Structures are given as structure tokens and as C-alpha cells.
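A short write-up of the structure that comes next.
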Protein chains: 2
Amino acid sequence: MTTELSMTGYALLGLLVFDARTSDEGMTGYELKQRADLTLRYYWVSPAMSQIYTELDRLHGLDLVEAFETHEGKRRSRHFRVTEHGREELHRWLHTPAAEAFPVLKHPVALRLLMGALSDPETVDSWLADYLEQLERHRADLQGVRELLADRHEVRYPARVAEWGLSYYDAEREIVEKLRTEIRSELD
Amino acid sequence: MTTELSMTGYALLGLLVFDARTSDEGMTGYELKQRADLTLRYYWVSPAMSQIYTELDRLHGLDLVEAFETHEGKRRSRHFRVTEHGREELHRWLHTPAAEAFPVLKHPVALRLLMGALSDPETVDSWLADYLEQLERHRADLQGVRELLADRHEVRYPARVAEWGLSYYDAEREIVEKLRTEIRSELD
DNA sequence: TGTAGCATGTAAGCCGTTACATGATTGA
DNA sequence: TCAATCATGTAACGGCTTACATGCTACA
């Protein structure tokens, strides 16, 4: 019997394995959320807090993580650490050929552009301009993450993924700028 | 009162508006699915049949589309056509500044790559190789769609979105090939 | 004659979000 | 003292998928 987890489950398990290399205290759900905001967010999703706690409970039920409660003062927190079984399960998953692993893109801007003819060039151009602004912000955030990782060998894979993301943002900027020029030329 | 629809709702409405420019018979749910497979799939999702029928019922309930049943022989089918109210609603939506319109990317390959250190370079390379293959297939499909649209003025927006998609696939191929070279260099 | 494609739907269930609810600690 | 941050959870619900169920029609 192979316990199939959700992608998000494996993602969290991965964060915990990663954490275990620099600390043995484990991580709280809260900390996992912060970590997810720095990494997962760009290539997957950053799950809601409630989702993280739910998922951690599931992982715990499957003995893929162990939990221990700590009390500093009156504040209670649960720290999670990946178990040997959890490590094995993650490895198993990583070595299982990923059936249908193609990315899903939900691109509201492209969706709107599809219906551009129902609007006017000025409006369409403003969608693209707004998108470019957001793109810059996201790019800058990710650039920050990239710099945080520096060229430390232990984090070379996260660094590569960050670079992947940056190159994606760059490609988006380029094509969107091209589209803007084209659409603005319709204004005459 | 502004009836907020789901994105998929607006997407289907858009397909129906588009259809109305070349035909006035409307479209069946089945046909909408096929159309979605040709367009929406690349920038949004292609909803399951059941989802399409559900969504059509909702749109009908809101008087955004009208339905009429036809019988050819013993086969029953429901054809849907956008109503004036539906058109207005779509226009309203298109001219509403899209709060948080940033794309969501669910990229299983990037997610795995993040954990590349838990595997070995050969395996990681094989993930990327598989991904490249799938990428080529998707690109070819989308290229087919692009050619179908030719340079007919009425479909210039869909054509632009198709080109956007193609450039995205190209950027993916480029970065993934770069990553492969880098990872294979670890094999020595 | 049988299979692929046309055509429509219901039911169960997963994954994830938002809203709600609670409370401790740190620091301005 | 008040806001921000740390910290954990429950409830309701939306969107979407898969599995299931049904039946017609064209054509090889």
C-alpha cells in the first residue's frame, strides 16, 4: 500500500527534510507558512495557514512527521520533524515517474486578452501595463530570494529553481511589452 | 447587485460571445468543451464536461445565456446562446479593474527540482528530459491552433494569446535545456 | 456488429480558500 | 497600551475532478 499524498503534502514534507539539515528542532506550522511564502509560492501555491495545519495533521497520522509540543511561558506551539518513514516516502515519490506532470497555468490576463476584441485598445493596454507592474514586483521579490541563497552549495537546487522563475518573469515581460507595442499601434 | 461569476463562467461566456459572431445556433456543452480544449486549456484550464454543464445551468439561471432544446432524430441536445444581459455582464467584467490578477503557476517539475538534492543528477536529468518532451508536444499542439487562426482580423486577439503561449513554451525549453547542461556537468 | 464520437447529466469527494475564533508575546 | 507578530485551530463553502450512468448515431 502506497499512501498517495497531495502535492502540497509532498511539498511540506520537502520543506521539513530541508530544515532538518540545519536544525533538529523541527518547524511550526507558522514557520512552514513563511518558508512556503519564500519558495513554494512561485512554482506551486502558498497554502493557507489552515491548510498547512490540516496537512500536518494528515502527515502526522501517517507517521511521516513527528510532532512535539513545546511551552515557552504560556505559549503553546507544535514543532514538526520529518520521520525516517517520511524521508523514505519522499524519496519514493521523487523516484516515481510523475504521471502527467505538466504545469497548469491560470493566467487571468491571458484569459482577458483572449476577449480583447470586446474591449478597446486603451483598456487592453491598461491590463497589460498593470500586469507588467505586478510582474516587476514579483520579480524583485524572487530576486531577493535568489540573493538570499547566494551560491551556497547546499541550496543549489532551490537557487536553480529561483533562476528558472526569474527567467520566466523575464520572458513574460518581454512578450507582454511586445504585445503592448502591437496593441498600441491600433490606436491610430 | 452585481452577480460575481467564477473565472470559468466568464470564460465560457466569452466563448459563446465569440461563437455568436459566426453563427446564431448557439453551442452545446459538448462543443464548448471542444472549444475550451483548443483555447482555454493553455491559459486557464479546460473544465471537465460535468463542470461545463453545471456552469451553463448557472449562467442560464442568471439569464446570461438562453437555452433551447433541439431534437434531430431521437438525439436531444441543448444549444446555448449568450443573451444581451450576458453580453453586458461580460463587458462590465472586462472593464472592471481585475483585483489580484496575477497568474498562478502549478509547476510539478519545478517543485521536484526544488528537492533535487534528495535525488541524484541522473534522475533529475530524466525529469527534465521528460518535461522537454511534453513541452514539445504541447508546443506543437498550440502551434496548430495558431496556424488555424492564420491572420484573420476577427481572431487577432486569440492569435496574440496563442503567440504568448508559444513564447512561453520557448522560454521554458531554453531555461530547461540550460538547467540540464548544468546538472549533467555534476555527473563527472 | 461493434466501437468511436456525440450528448447529457448526477454523486461523491478532494483540495483549498475565507471567515471566524482564541490567545500569548514583543516592542514602539 | 496598543499594534504587530507568533501561534493554532474550526466551520462553511466553492470549484473542480473522477466515477458512474444513460442513450443515440455514424461508420468501418
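Letters A, B, ... go to the chains of the C-alpha cells in the order shown; residues in each chain start at 1; ligands are counted from 1 in the same order.
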
>> Residues of chain B within 6 Å of chain A, counting only C-alpha atoms, what are they? List them as a list of chain:residue names.
In response: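 Matching residues, ligands excluded from the count: B:Tyr43, B:Trp44, B:Ala101, B:Pro103, B:Val104, B:Leu105, B:Lys106, B:His107, B:Pro108, B:Leu114, B:Gly116, B:Tyr157, B:Pro158.
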
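What chain A places within 10 Å of chain D, counting only C-alpha atoms (C1' of nucleotides), is Thr28, Gly29, Tyr30, Glu31, Met49, Ser50, Tyr53, Thr54, Arg75, Arg76, Ser77 and Arg78 of chain A.
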
>> Residues of chain A were defined as contacting chain C if any atom lay at most 8 Å from it, counting only C-alpha atoms (C1' of nucleotides); please report them as a VMD selection string.
In response: chain A and resid 47 to 48 51 74 to 75

> Restricting the calculation to only C-alpha atoms, which member of B:Leu62, B:Val82, B:Leu148, B:Ala129 is positioned closest to Leu16 in chain B?
Replying inline: B:Val82

>> Residues within 9 Å of Leu59 in chain A, please, as a PyMOL selection string. Count only C-alpha atoms (C1' of nucleotides); anything in the same chain fewer than 6 positions from it doesn't count.
In response: chain A and resi 5+9+13+65-66+86

Output for the residues just chosen: C-alpha atoms as a CSV table (one decimal), in the first residue's frame:
chain,number,residue,atom,x,y,z
A,5,LEU,CA,-0.2,12.3,-0.7
A,9,GLY,CA,1.8,17.3,1.2
A,13,LEU,CA,7.5,17.2,3.6
A,65,VAL,CA,6.2,13.5,10.6
A,66,GLU,CA,6.5,13.6,14.3
A,86,GLY,CA,8.6,10.4,5.9

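One distance worth recording is that between CA of Ala67 in chain A and CA of Ser6 in chain A, which is 19.8 Å.
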
>> I need the residues in range 15-176 of chain B that are helix (DSSP H, G or I) according to DSSP; give them as a ChimeraX atom specification.
In response: /B:15-20,29-38,40-43,49-61,84-94,108-114,116-118,121-149,153-176
